[in-house]
Each structure stands twice: as C-alpha cells, then as structure tokens.
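Pasting run-v2.csv here (CSV, C-alpha atoms):
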chain,number,residue,atom,x,y,z
A,1,MET,CA,-25.6,-7.9,36.0
A,2,TRP,CA,-24.1,-11.3,35.5
A,3,GLY,CA,-23.3,-11.6,39.1
A,4,ARG,CA,-24.9,-15.0,39.4
A,5,LYS,CA,-22.5,-17.9,39.3
A,6,ARG,CA,-23.8,-20.1,36.6
A,7,PRO,CA,-25.4,-18.6,33.5
A,8,SER,CA,-27.8,-21.0,31.8
A,9,ILE,CA,-28.9,-21.4,28.3
A,10,PHE,CA,-31.7,-19.0,29.0
A,11,ASP,CA,-29.3,-16.3,30.0
A,12,ILE,CA,-27.6,-16.8,26.6
A,13,PHE,CA,-31.0,-16.3,24.9
A,14,GLU,CA,-31.6,-13.3,26.9
A,15,SER,CA,-28.3,-11.9,25.9
A,16,PHE,CA,-29.2,-12.4,22.3
A,17,THR,CA,-32.2,-10.1,22.7
A,18,ARG,CA,-29.7,-7.4,23.3
A,19,GLY,CA,-28.2,-8.3,20.0
A,20,THR,CA,-26.5,-11.6,19.0
A,21,PRO,CA,-22.8,-11.7,19.5
A,22,PHE,CA,-22.3,-10.7,15.9
A,23,GLU,CA,-24.5,-7.6,16.1
A,24,ARG,CA,-22.9,-6.3,19.2
A,25,GLU,CA,-20.2,-3.8,19.3
A,26,GLU,CA,-18.7,-5.3,22.3
A,27,PHE,CA,-18.7,-9.1,22.6
A,28,GLU,CA,-19.3,-10.1,26.1
A,29,ASP,CA,-17.9,-13.5,25.5
A,30,ASP,CA,-16.5,-14.3,28.9
A,31,TRP,CA,-19.6,-15.3,30.7
A,32,PHE,CA,-21.1,-16.9,27.6
A,33,ARG,CA,-18.1,-19.0,26.9
A,34,SER,CA,-17.6,-19.8,30.5
A,35,THR,CA,-20.8,-21.7,30.6
A,36,PHE,CA,-19.5,-24.1,28.0
A,37,GLU,CA,-16.0,-24.1,29.4
A,38,ASP,CA,-17.4,-25.2,32.7
A,39,MET,CA,-19.0,-28.1,31.1
A,40,ILE,CA,-15.9,-29.0,29.1
A,41,ARG,CA,-13.8,-28.8,32.2
A,42,ARG,CA,-16.1,-31.3,33.8
A,43,PHE,CA,-15.5,-33.5,30.8
A,44,GLU,CA,-11.8,-33.2,31.1
A,45,GLU,CA,-11.7,-34.0,34.8
A,46,ASP,CA,-13.0,-37.4,34.0
A,47,ILE,CA,-11.9,-38.1,30.5
A,48,GLU,CA,-10.9,-41.6,31.3
A,49,GLU,CA,-14.1,-42.6,32.8
A,50,MET,CA,-16.4,-40.6,30.7
A,51,PRO,CA,-19.8,-42.2,30.3
A,52,GLU,CA,-20.3,-43.7,26.8
A,53,GLU,CA,-23.2,-41.4,25.9
A,54,TYR,CA,-21.0,-38.4,26.3
A,55,SER,CA,-18.1,-39.6,24.3
A,56,GLY,CA,-19.9,-38.5,21.1
A,57,PHE,CA,-19.1,-34.9,22.1
A,58,VAL,CA,-15.4,-35.4,22.0
A,59,THR,CA,-13.2,-36.2,19.0
A,60,GLU,CA,-9.6,-36.9,19.7
A,61,GLU,CA,-6.9,-36.3,17.2
A,62,ARG,CA,-3.2,-37.2,17.5
A,63,THR,CA,-0.9,-34.4,16.4
A,64,PRO,CA,2.8,-34.2,16.7
A,65,GLU,CA,2.3,-32.0,19.8
A,66,GLY,CA,0.1,-34.7,21.5
A,67,VAL,CA,-3.6,-35.4,21.7
A,68,SER,CA,-5.9,-32.6,20.7
A,69,ARG,CA,-9.5,-32.7,21.5
A,70,ARG,CA,-12.5,-31.1,19.7
A,71,TYR,CA,-15.6,-30.6,21.8
A,72,GLY,CA,-19.0,-30.4,20.2
A,73,PRO,CA,-21.1,-29.5,18.4
A,74,PHE,CA,-23.3,-28.8,21.4
A,75,VAL,CA,-26.8,-28.1,20.1
A,76,TYR,CA,-29.7,-26.5,21.8
A,77,GLY,CA,-32.9,-25.1,20.5
A,78,PHE,CA,-36.7,-24.9,20.8
A,79,SER,CA,-39.7,-24.9,18.5
A,80,CYS,CA,-43.0,-23.3,19.0
A,81,THR,CA,-46.4,-24.1,17.4
A,82,ALA,CA,-49.6,-22.2,18.0
A,83,GLU,CA,-53.3,-22.7,17.3
A,84,PRO,CA,-55.9,-20.2,18.1
A,85,GLY,CA,-57.6,-20.7,21.4
A,86,LYS,CA,-54.8,-22.9,22.7
A,87,GLU,CA,-51.7,-22.2,24.6
A,88,PRO,CA,-48.7,-22.3,22.3
A,89,VAL,CA,-46.8,-25.6,22.4
A,90,PHE,CA,-43.0,-25.3,23.1
A,91,GLN,CA,-40.6,-28.1,22.7
A,92,GLU,CA,-36.9,-28.2,23.3
A,93,PHE,CA,-34.4,-30.2,21.2
A,94,GLY,CA,-30.7,-30.7,21.1
A,95,ASN,CA,-28.0,-32.6,23.0
A,96,ILE,CA,-27.5,-30.3,26.0
A,97,ARG,CA,-29.9,-29.2,28.6
A,98,PRO,CA,-30.0,-26.3,31.1
A,99,SER,CA,-29.5,-27.5,34.6
A,100,TYR,CA,-28.6,-26.2,38.0
A,101,ARG,CA,-24.9,-26.7,37.1
A,102,GLY,CA,-25.3,-24.4,34.1
A,103,ILE,CA,-25.4,-26.7,31.1
A,104,GLU,CA,-25.3,-30.5,31.0
A,105,PRO,CA,-25.2,-33.0,28.1
A,106,SER,CA,-28.4,-34.9,27.8
A,107,GLN,CA,-28.5,-38.6,27.2
A,108,GLY,CA,-29.0,-38.8,23.4
A,109,ARG,CA,-29.8,-35.8,21.3
A,110,GLU,CA,-33.4,-34.8,21.6
A,111,PRO,CA,-34.9,-34.5,18.1
A,112,LEU,CA,-37.1,-31.8,16.7
A,113,VAL,CA,-40.6,-33.0,16.7
A,114,ASP,CA,-43.9,-31.7,15.2
A,115,VAL,CA,-47.1,-33.3,16.4
A,116,MET,CA,-50.2,-32.6,14.2
A,117,ASP,CA,-53.5,-33.2,16.0
A,118,GLU,CA,-56.0,-34.1,13.3
A,119,GLN,CA,-59.6,-35.2,13.0
A,120,ASP,CA,-59.2,-38.9,13.6
A,121,LYS,CA,-55.5,-39.3,14.0
A,122,TYR,CA,-52.2,-37.9,15.0
A,123,ARG,CA,-49.4,-37.3,12.5
A,124,ILE,CA,-46.0,-36.9,14.1
A,125,PHE,CA,-42.8,-35.8,12.3
A,126,VAL,CA,-39.5,-36.5,13.9
A,127,GLU,CA,-36.2,-35.2,12.4
A,128,LEU,CA,-33.5,-37.8,12.7
A,129,PRO,CA,-30.8,-36.7,10.3
A,130,GLY,CA,-28.0,-39.1,9.7
A,131,VAL,CA,-29.7,-42.2,11.0
A,132,GLU,CA,-30.1,-45.4,9.0
A,133,LYS,CA,-33.7,-46.6,8.7
A,134,ASP,CA,-33.2,-50.0,10.4
A,135,LYS,CA,-31.6,-48.2,13.4
A,136,VAL,CA,-34.7,-46.3,14.3
A,137,LYS,CA,-36.6,-47.9,17.2
A,138,LEU,CA,-40.2,-46.8,17.7
A,139,ASP,CA,-42.4,-47.9,20.6
A,140,VAL,CA,-46.1,-46.9,20.6
A,141,ALA,CA,-48.2,-47.3,23.7
A,142,GLU,CA,-51.8,-46.1,24.2
A,143,ASN,CA,-50.8,-42.7,25.5
A,144,SER,CA,-47.2,-42.2,24.4
A,145,VAL,CA,-44.7,-42.7,21.7
A,146,GLN,CA,-41.0,-43.4,22.3
A,147,ILE,CA,-38.3,-42.9,19.6
A,148,ARG,CA,-34.8,-44.1,20.0
A,149,THR,CA,-31.9,-44.6,17.5
A,150,GLU,CA,-29.2,-47.1,17.8
A,151,ASP,CA,-26.9,-45.5,15.3
A,152,GLU,CA,-23.7,-43.5,15.7
A,153,ARG,CA,-26.1,-40.6,16.1
A,154,LYS,CA,-28.1,-41.3,19.2
A,155,PHE,CA,-31.5,-39.6,19.4
A,156,TYR,CA,-34.1,-40.1,22.1
A,157,LYS,CA,-37.6,-38.7,22.6
A,158,ARG,CA,-40.7,-39.6,24.4
A,159,ILE,CA,-43.9,-37.9,23.3
A,160,GLU,CA,-47.0,-37.9,25.5
A,161,LEU,CA,-50.3,-37.9,23.7
A,162,GLU,CA,-53.4,-36.1,24.9
A,163,SER,CA,-55.9,-38.7,23.8
A,164,PRO,CA,-55.4,-42.5,23.6
A,165,VAL,CA,-54.5,-44.1,20.3
A,166,ASP,CA,-54.8,-47.6,18.9
A,167,ALA,CA,-51.2,-48.8,19.0
A,168,ASP,CA,-51.9,-51.6,16.4
A,169,SER,CA,-52.9,-49.0,13.9
A,170,ALA,CA,-49.5,-47.2,14.0
A,171,LYS,CA,-47.9,-46.6,10.6
A,172,ALA,CA,-44.3,-45.3,10.3
A,173,SER,CA,-42.1,-44.4,7.4
A,174,TYR,CA,-38.6,-42.9,7.2
A,175,LYS,CA,-37.3,-40.8,4.4
A,176,ASN,CA,-34.5,-38.2,4.0
A,177,GLY,CA,-33.9,-38.1,7.7
A,178,VAL,CA,-37.5,-37.6,8.7
A,179,LEU,CA,-39.6,-40.2,10.6
A,180,THR,CA,-43.4,-39.9,10.0
A,181,VAL,CA,-45.7,-41.7,12.3
A,182,GLU,CA,-49.5,-42.0,11.9
A,183,LEU,CA,-51.6,-43.0,14.8
A,184,VAL,CA,-55.4,-43.5,14.8
A,185,ARG,CA,-57.2,-42.1,17.7
A,186,LYS,CA,-59.1,-44.6,19.8
A,187,GLU,CA,-62.8,-44.2,19.8
A,188,GLN,CA,-64.0,-42.8,23.0
A,189,PRO,CA,-66.4,-45.4,24.6
A,190,LYS,CA,-69.8,-44.0,24.5
A,191,GLY,CA,-71.6,-43.8,27.8
A,192,LYS,CA,-75.1,-45.2,28.0
A,193,GLU,CA,-77.7,-42.5,28.2
A,194,VAL,CA,-79.8,-42.9,31.2
A,195,ARG,CA,-83.2,-41.4,31.3
A,196,VAL,CA,-84.0,-39.5,34.4
A,197,GLU,CA,-87.3,-40.7,35.7
B,198,MET,CA,-44.6,-4.0,11.8
B,199,TYR,CA,-43.4,-6.6,14.2
B,200,GLY,CA,-40.4,-4.8,15.7
B,201,GLY,CA,-40.5,-2.6,18.7
B,202,SER,CA,-41.0,-3.0,22.4
B,203,ASP,CA,-44.2,-5.2,22.2
B,204,TRP,CA,-42.0,-7.9,20.7
B,205,ASN,CA,-39.4,-7.9,23.3
B,206,PRO,CA,-39.0,-11.6,23.6
B,207,ALA,CA,-37.6,-11.8,27.1
B,208,PRO,CA,-39.6,-10.1,29.7
B,209,ARG,CA,-38.2,-10.8,33.1
B,210,THR,CA,-40.0,-13.4,35.2
B,211,ARG,CA,-40.4,-12.9,38.9
B,212,LYS,CA,-37.2,-11.9,40.7
B,213,GLY,CA,-35.7,-11.2,37.4
B,214,ARG,CA,-34.6,-14.8,36.9
B,215,TYR,CA,-35.3,-17.3,34.3
B,216,PRO,CA,-37.1,-20.5,34.9
B,217,THR,CA,-34.2,-22.8,34.4
B,218,ALA,CA,-32.1,-20.8,36.9
B,219,ASN,CA,-34.3,-22.7,39.3
B,220,ILE,CA,-34.2,-26.5,39.2
B,221,ASP,CA,-38.0,-26.5,38.6
B,222,ARG,CA,-38.3,-26.4,34.9
B,223,SER,CA,-42.0,-26.6,34.7
B,224,ASP,CA,-42.3,-22.8,34.7
B,225,GLU,CA,-42.2,-21.7,31.2
B,226,GLU,CA,-42.9,-18.1,31.7
B,227,TRP,CA,-39.9,-17.1,29.8
B,228,PHE,CA,-41.1,-18.8,26.7
B,229,ARG,CA,-44.7,-17.9,27.1
B,230,GLY,CA,-44.0,-14.3,27.7
B,231,GLY,CA,-41.7,-13.9,24.8
B,232,LEU,CA,-42.5,-16.2,21.9
B,233,GLY,CA,-46.1,-16.5,23.2
B,234,ASN,CA,-46.7,-12.8,22.7
B,235,MET,CA,-45.2,-13.0,19.3
B,236,VAL,CA,-47.4,-15.9,18.4
B,237,ARG,CA,-50.6,-14.3,19.7
B,238,MET,CA,-50.1,-11.4,17.5
B,239,PHE,CA,-50.3,-13.6,14.5
B,240,GLY,CA,-54.0,-13.9,15.0
B,241,SER,CA,-54.6,-10.4,13.8
B,242,ASP,CA,-51.6,-9.5,11.7
B,243,LEU,CA,-49.4,-12.3,10.3
B,244,PRO,CA,-46.2,-11.0,8.9
B,245,LYS,CA,-45.9,-12.1,5.2
B,246,GLU,CA,-42.6,-13.9,6.0
B,247,PHE,CA,-44.5,-16.3,8.2
B,248,GLU,CA,-47.4,-17.1,5.8
B,249,LYS,CA,-45.7,-20.3,4.7
B,250,LEU,CA,-45.7,-21.5,8.3
B,251,THR,CA,-49.5,-21.4,8.5
B,252,ARG,CA,-51.4,-24.6,7.8
B,253,THR,CA,-55.1,-25.3,8.0
B,254,VAL,CA,-55.8,-28.5,9.9
B,255,GLN,CA,-59.0,-30.3,10.7
B,256,GLY,CA,-59.1,-30.9,14.4
B,257,PRO,CA,-60.6,-33.7,16.5
B,258,LYS,CA,-64.0,-32.1,16.6
B,259,SER,CA,-64.2,-31.5,12.8
B,260,ASP,CA,-63.2,-27.9,13.6
B,261,VAL,CA,-61.0,-26.2,11.1
B,262,ARG,CA,-58.1,-24.4,12.6
B,263,GLU,CA,-55.2,-22.3,11.5
B,264,ARG,CA,-52.0,-23.7,12.8
B,265,VAL,CA,-48.9,-21.6,12.9
B,266,GLY,CA,-45.4,-22.9,13.1
B,267,PRO,CA,-43.2,-24.6,14.0
B,268,PHE,CA,-40.9,-21.8,14.7
B,269,VAL,CA,-37.5,-23.1,15.3
B,270,TYR,CA,-34.4,-21.5,16.9
B,271,GLY,CA,-31.3,-23.0,18.1
B,272,PHE,CA,-27.5,-22.7,18.3
B,273,SER,CA,-24.5,-24.9,18.3
B,274,TYR,CA,-21.2,-24.4,20.0
B,275,THR,CA,-17.9,-26.2,19.0
B,276,GLN,CA,-14.5,-25.8,20.6
B,277,GLU,CA,-11.4,-26.8,18.7
B,278,PRO,CA,-7.9,-26.7,20.0
B,279,GLY,CA,-6.1,-23.5,19.4
B,280,LYS,CA,-9.1,-21.7,17.9
B,281,GLU,CA,-11.8,-19.3,19.0
B,282,PRO,CA,-14.9,-21.4,19.8
B,283,ILE,CA,-17.4,-21.6,16.9
B,284,PHE,CA,-20.8,-20.4,17.6
B,285,GLN,CA,-23.6,-20.9,15.0
B,286,GLU,CA,-27.3,-20.2,15.0
B,287,PHE,CA,-29.9,-22.1,13.1
B,288,GLY,CA,-33.7,-22.1,12.7
B,289,ASN,CA,-36.3,-19.9,11.0
B,290,ILE,CA,-36.5,-17.1,13.6
B,291,ARG,CA,-33.8,-15.0,15.1
B,292,PRO,CA,-33.7,-13.2,18.4
B,293,SER,CA,-32.2,-9.8,18.0
B,294,TYR,CA,-32.2,-6.4,19.7
B,295,ARG,CA,-35.2,-5.5,17.6
B,296,GLY,CA,-37.2,-8.5,19.0
B,297,ILE,CA,-37.8,-11.8,17.3
B,298,GLU,CA,-37.7,-11.7,13.6
B,299,PRO,CA,-38.4,-14.2,10.9
B,300,ILE,CA,-35.7,-15.2,8.4
B,301,GLN,CA,-36.1,-16.4,4.9
B,302,GLY,CA,-36.0,-20.2,4.9
B,303,ARG,CA,-34.8,-22.2,7.9
B,304,GLU,CA,-31.1,-21.9,8.5
B,305,PRO,CA,-29.6,-25.4,8.7
B,306,LEU,CA,-27.4,-26.8,11.4
B,307,ALA,CA,-23.9,-27.2,10.0
B,308,ASP,CA,-20.8,-28.9,11.5
B,309,ILE,CA,-17.5,-27.9,10.0
B,310,ARG,CA,-14.4,-30.0,10.8
B,311,ASP,CA,-10.9,-28.9,10.0
B,312,LYS,CA,-8.9,-31.9,8.8
B,313,GLY,CA,-5.6,-30.1,8.1
B,314,ASP,CA,-5.6,-30.2,4.3
B,315,PHE,CA,-9.3,-30.2,3.8
B,316,TYR,CA,-12.6,-29.5,5.5
B,317,GLU,CA,-15.3,-32.0,6.2
B,318,ILE,CA,-18.7,-30.4,6.5
B,319,SER,CA,-22.1,-32.0,7.5
B,320,VAL,CA,-25.2,-29.9,6.9
B,321,GLU,CA,-28.5,-31.2,8.3
B,322,LEU,CA,-31.3,-30.9,5.8
B,323,PRO,CA,-34.0,-33.3,7.0
B,324,GLY,CA,-37.0,-33.8,4.8
B,325,VAL,CA,-35.4,-32.5,1.6
B,326,ASN,CA,-35.1,-34.4,-1.6
B,327,LYS,CA,-31.7,-34.6,-3.2
B,328,GLU,CA,-32.8,-33.0,-6.4
B,329,ASP,CA,-34.0,-29.9,-4.5
B,330,ILE,CA,-30.6,-29.0,-3.0
B,331,ALA,CA,-28.5,-26.3,-4.4
B,332,LEU,CA,-24.9,-25.9,-3.1
B,333,ASP,CA,-22.7,-23.0,-4.1
B,334,PHE,CA,-19.1,-22.9,-3.1
B,335,TYR,CA,-16.9,-19.8,-2.8
B,336,GLU,CA,-13.3,-19.4,-1.7
B,337,ASP,CA,-14.3,-18.3,1.8
B,338,SER,CA,-17.8,-19.7,2.2
B,339,PHE,CA,-20.7,-21.8,0.9
B,340,ILE,CA,-24.4,-21.3,0.5
B,341,VAL,CA,-27.0,-24.1,0.8
B,342,ASP,CA,-30.5,-23.5,-0.6
B,343,THR,CA,-33.3,-26.0,-1.0
B,344,LYS,CA,-36.7,-26.0,-2.7
B,345,GLY,CA,-39.9,-27.5,-1.4
B,346,ASP,CA,-42.1,-27.2,1.6
B,347,ASN,CA,-39.3,-27.5,4.0
B,348,ARG,CA,-37.1,-24.7,2.7
B,349,PHE,CA,-33.6,-24.3,4.1
B,350,HIS,CA,-31.3,-21.5,3.3
B,351,GLY,CA,-27.9,-20.7,4.9
B,352,ARG,CA,-24.4,-19.4,4.4
B,353,SER,CA,-21.4,-20.6,6.4
B,354,VAL,CA,-18.0,-18.9,6.4
B,355,LEU,CA,-14.8,-21.0,6.5
B,356,TRP,CA,-11.8,-20.2,8.6
B,357,HIS,CA,-9.3,-20.8,5.7
B,358,GLU,CA,-9.7,-20.2,2.0
B,359,VAL,CA,-10.6,-23.2,-0.1
B,360,ASN,CA,-10.5,-24.2,-3.7
B,361,PRO,CA,-14.2,-24.4,-4.7
B,362,ASP,CA,-13.4,-26.7,-7.7
B,363,THR,CA,-12.4,-29.5,-5.3
B,364,ALA,CA,-15.7,-29.5,-3.4
B,365,LYS,CA,-17.6,-32.9,-3.4
B,366,ALA,CA,-21.0,-33.5,-1.9
B,367,SER,CA,-23.3,-36.4,-1.2
B,368,TYR,CA,-26.7,-36.5,0.4
B,369,ARG,CA,-28.1,-39.4,2.5
B,370,ASN,CA,-30.6,-39.7,5.3
B,371,GLY,CA,-31.1,-36.0,5.6
B,372,ILE,CA,-27.5,-35.0,5.8
B,373,LEU,CA,-25.4,-33.3,3.1
B,374,GLU,CA,-21.8,-34.3,3.5
B,375,ILE,CA,-19.2,-32.1,1.9
B,376,THR,CA,-15.4,-32.3,1.5
B,377,VAL,CA,-13.4,-29.4,0.1
B,378,GLU,CA,-9.6,-28.9,-0.1
B,379,LYS,CA,-8.0,-25.8,1.3
B,380,LYS,CA,-5.9,-23.6,-0.9
B,381,GLU,CA,-2.3,-24.7,-1.1
B,382,GLU,CA,-1.0,-21.9,1.2
B,383,TRP,CA,-3.3,-23.0,4.0
B,384,LYS,CA,-2.6,-26.8,3.8
B,385,HIS,CA,-0.6,-28.5,6.5
B,386,LYS,CA,-0.6,-25.3,8.6
B,387,GLY,CA,-3.0,-26.6,11.2
B,388,PRO,CA,-5.4,-24.4,13.1
B,389,GLU,CA,-2.8,-22.0,14.4
B,390,GLY,CA,-1.1,-21.0,11.2
B,391,THR,CA,2.6,-21.5,10.6
B,392,SER,CA,4.9,-21.6,13.5
B,393,ILE,CA,8.0,-19.5,13.0
B,394,ALA,CA,11.3,-20.3,14.6
B,395,ILE,CA,12.7,-17.4,16.5
B,396,GLU,CA,16.3,-16.8,15.6

Please lay out the structure from this file as structure tokens.
Amino acid sequence: MWGRKRPSIFDIFESFTRGTPFEREEFEDDWFRSTFEDMIRRFEEDIEEMPEEYSGFVTEERTPEGVSRRYGPFVYGFSCTAEPGKEPVFQEFGNIRPSYRGIEPSQGREPLVDVMDEQDKYRIFVELPGVEKDKVKLDVAENSVQIRTEDERKFYKRIELESPVDADSAKASYKNGVLTVELVRKEQPKGKEVRVE
Amino acid sequence: MYGGSDWNPAPRTRKGRYPTANIDRSDEEWFRGGLGNMVRMFGSDLPKEFEKLTRTVQGPKSDVRERVGPFVYGFSYTQEPGKEPIFQEFGNIRPSYRGIEPIQGREPLADIRDKGDFYEISVELPGVNKEDIALDFYEDSFIVDTKGDNRFHGRSVLWHEVNPDTAKASYRNGILEITVEKKEEWKHKGPEGTSIAIE
C-alpha cells in the first residue's frame, strides 16, 4: 500500500485514521519515520552549510563520545473554522511543510491564526508563544497583514483579507504569547445612483 | 453519535492520492472531504464537547452567525541521539480509527529536553493567564491544566523517573518553562542507560 516513494504529511494523517501509532497493535513505523529521516539526512549531508533558518531545528551537544545532535521538534498542524453557508476555512501551521520531496522545513514557523470577520472590523488572533513583545513585526496593507518575529523563535505569516481595511486604524496588542490585531473595514465607496430615463 | 463511517475523515481523492502528493497544493479535497463533513454535521447536531467552540458573531451585513472552531490538530516529532524518536500530538481534536473525535481541552505542544541530570520542558500555553495554570508533577509524568476561555489540558510521560519535589516552573510570553531533576539512579546515565564493560 505504501509503495509510493515519499510519504507526505497527509499520508501520516491518513495512517492515523486507521488508529494513531499508540492505538495500533502493530506500529508501522518504518515508512512514517523514514519521512522524517529523509529530511534529517538532507540536513546532515550539508550540516556545514545549512541555511541559518534551518539551524533552529538542530541542537548540538558535546559528549565524551563526540558531537550528538538533536533534531526537532518538527511541528505540523492545521485548524478549521466553519460558519453556516460558507466553505470551512482551513489553515496550516507549524515549521514543516509537505512537499514533493516528502517533508521540508519552512522558513520560519507558521503560527496558528484565527481571523474573526465582524460587522465593521476584522479581529485577528495570532499565537506567537515565546516571543518578546518588541520582537514582533506587524505590517498592515489594505488587503493583507504580515507578521514576522525577529526573536530566537522565528514566526512568519501573511494573511490575505477578503475586503479592504484602513491600515491607519490598525490596533495591536500582545499578551501571554497571543497577538491581537483589530482592523477597521474600509467603507465601500457608494456608487452614484443613475436614474434610467 | 459522531462515530461511524460517516465520520471517516480521509476519503480518498481521485486516483487514491492526497493533494500534497502532487505539487499543486491548491486542491484541498482531503481536508474538505474529511473535516468538512464533520463540520457540516454541526449544523444539525453539535456534540456537547464542541459547544465551547461555538461563538456567535455579527457579520459584515449585520447578520448574526454561529461560528464553530477553530478545531486544531497537529503533531511534533523530535529525534534524539540513541533514542526512539518522540512523537506527540496536540490540539483539540484527534483523528482515530473511529473518525475524528473531540478531546477535553486543547492538548498543548510540549518540548521535553533530556539534559543528563535533569529535564528541561517547554509547554506552549498561548493566551493563558499565569494564575490559571495548574501543573501537577508525578514520578513518571506531569499534567498541565488551565482555566479560562482557552482551556488546555495535557499529560506528558517522561523517559526516566524524576523527583517531583525538584520541579520548578515559570511562565512568560505564553510558554511554561519547567525544570525537574531525575531520580538519583537515572542521573549521569545519558539516554542509553549505563554502559557495562564486558569482562
């Protein structure tokens, strides 16, 4: 069944639907692990010239037997929000992404985001645990919001907004690892009603 | 109520492959088919466990809507030298052979680092006030439980036994940092136990 060469994250999820590794009598760990091991091997091939954004995944410790390396934690997840009459909204988060090579580290960990579409504004909650307030960089444009952290923990996320907002109205606060952003929706220009003669 | 085949979260997409097996990731059938089905069922019959995830919001056109979620699921994977890789799940739903099920409270993401004599543990609890965190330590595990809107609940098991009296914890910027000493017999032994000279 697992004849395909590179299982992706979604194969891992699918496997869970047949029971998580803990529920199962027989732990088919080979293919599951090999996905991560493939990625780790790619890290090791190039450990000297590893791009800086990946180095957060590797911790080196000197032991009497030599250097030992700890890899991870690699994190992947998704969230889902639903409103009646609309397609459910799915968002991914984490520091790895599925790719044609199996799994790849992403540039900066993607945070868990919740966008609330309210009467005259958007309220956006972004989980950035472990980041200092002054290391959070927030850019608001008319149709998008970009969040970046310049701390040890690097997060990155760009959120596209369905309707334009007034960037000057943006208010943001950060508490207990959660960034809250409030954006006032721009008033839609009213067209002039033309009477049909 | 929400078990059974209707809830099978992973119907096969065409050709029996998943969207990301292709490079084109715009195809989200996997998600839509599985979680989407689950979510649609909420309209008629919302499991009690999910009620806390429902919020009423006033939409752009002054319409009042029921918003459900966010449902969160994720996993982390850590590989340490000389050990079995550590696989942990987190979130407030769980895929299982019975379908997707809610769990009580959202399970937090925890990173457990073996430092030889002690463990260093980071638990992510974003949006929680310090006063609302309860941490209970046992010789082989610990339980984190929080109060408030954003409830977290989780238990993690440690590789070696520890001395619960030595546990120290602090909370800052959404992360609970814990250190705890191992029991004497496990100190200095490293991840692979004691190496015995063969005579």

For the interface of chain A with chain B (cut-off 6 Å, counting all atoms listed in the file), please tabulate each contacting residue of chain A alongside its nearest pair of atoms and their separation in Å to one decimal, rows sorted by chain and increasing number, as CSV.
residue,atom,partner,partner_atom,distance
A:Phe16,CA,B:Ser293,CA,5.9
A:Thr17,CA,B:Ser293,CA,4.7
A:Arg18,CA,B:Tyr294,CA,4.5
A:Gly19,CA,B:Tyr294,CA,4.4
A:Arg70,CA,B:Glu277,CA,4.5
A:Tyr71,CA,B:Gln276,CA,5.1
A:Gly72,CA,B:Thr275,CA,4.5
A:Pro73,CA,B:Thr275,CA,4.6
A:Phe74,CA,B:Tyr274,CA,5.1
A:Val75,CA,B:Ser273,CA,4.3
A:Tyr76,CA,B:Gly271,CA,5.3
A:Gly77,CA,B:Gly271,CA,3.6
A:Phe78,CA,B:Tyr270,CA,5.7
A:Ser79,CA,B:Val269,CA,4.3
A:Cys80,CA,B:Phe268,CA,5.0
A:Thr81,CA,B:Gly266,CA,4.6
A:Ala82,CA,B:Val265,CA,5.2
A:Glu83,CA,B:Arg264,CA,4.8
A:Tyr100,CA,B:Ile220,CA,5.7
A:Glu118,CA,B:Gly256,CA,4.6
A:Gln119,CA,B:Pro257,CA,3.9
A:Pro129,CA,B:Gly371,CA,4.8
A:Gly130,CA,B:Asn370,CA,5.1
A:Asn176,CA,B:Gly371,CA,4.4
A:Gly177,CA,B:Gly371,CA,4.1
A:Val178,CA,B:Gly324,CA,5.5

Tell me which protein, DNA and RNA residues are within 10 Å of Val341 (chain B), counting all atoms listed in the file, leaving out same-chain ones fewer than 3 positions away, and put them as a PyMOL selection string. chain B and resi 304-305+320+322+330-334+349-353+373

What does the distance from CA of Ile159 (chain A) to CA of Ile147 (chain A) come to in Å, to one decimal? 8.4 Å

Can you list, as a list in words, every protein, DNA or RNA residue that comes within 8 Å of Ala170 (chain A) when you count only C-alpha atoms, leaving out same-chain residues fewer than 2 positions away? Val140, Asp166, Ala167, Asp168, Ala172, Val181, Glu182, Leu183 and Val184 of chain A

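You will find CA of Asp120 (chain A) at 5.6 Å from CA of Arg185 (chain A).
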
Of the candidates A:Arg62, A:Glu44, A:Asp117, A:Lys133, which one gets nearest to Ser163 (chain A) if we count only C-alpha atoms? A:Asp117

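Here CA of Val165 (chain A) and CA of Glu142 (chain A) stand 5.1 Å from one another.
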
Within 6 Å of Ser338 (chain B) using only C-alpha atoms, minus same-chain residues under 3 positions, as a ChimeraX atom specification: /B:335,353-355

Take the selection from the previous step and output its residues with C-alpha atoms, as a PDB file, keeping the file's coordinate frame.
ATOM      1  CA  TYR B 335     -16.900 -19.800  -2.800  1.00  0.00           C
ATOM      2  CA  SER B 353     -21.400 -20.600   6.400  1.00  0.00           C
ATOM      3  CA  VAL B 354     -18.000 -18.900   6.400  1.00  0.00           C
ATOM      4  CA  LEU B 355     -14.800 -21.000   6.500  1.00  0.00           C
TER       5      LEU B 355
END

Quick one: residues within 9 Å of Arg153 (chain A), only C-alpha atoms, excluding same-chain residues fewer than 2 positions away - as an NGL selection string? :A and (56 or 108-109 or 128-131 or 149-151 or 155)

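Neighbouring residues of Gln146 (chain A) at 9 Å or closer, counting all atoms listed in the file and skipping chain neighbours under 2 positions away, are A:Lys137, A:Leu138, A:Asp139, A:Val140, A:Ala141, A:Ser144, A:Arg148, A:Tyr156, A:Lys157, A:Arg158, A:Ile159, A:Glu160.
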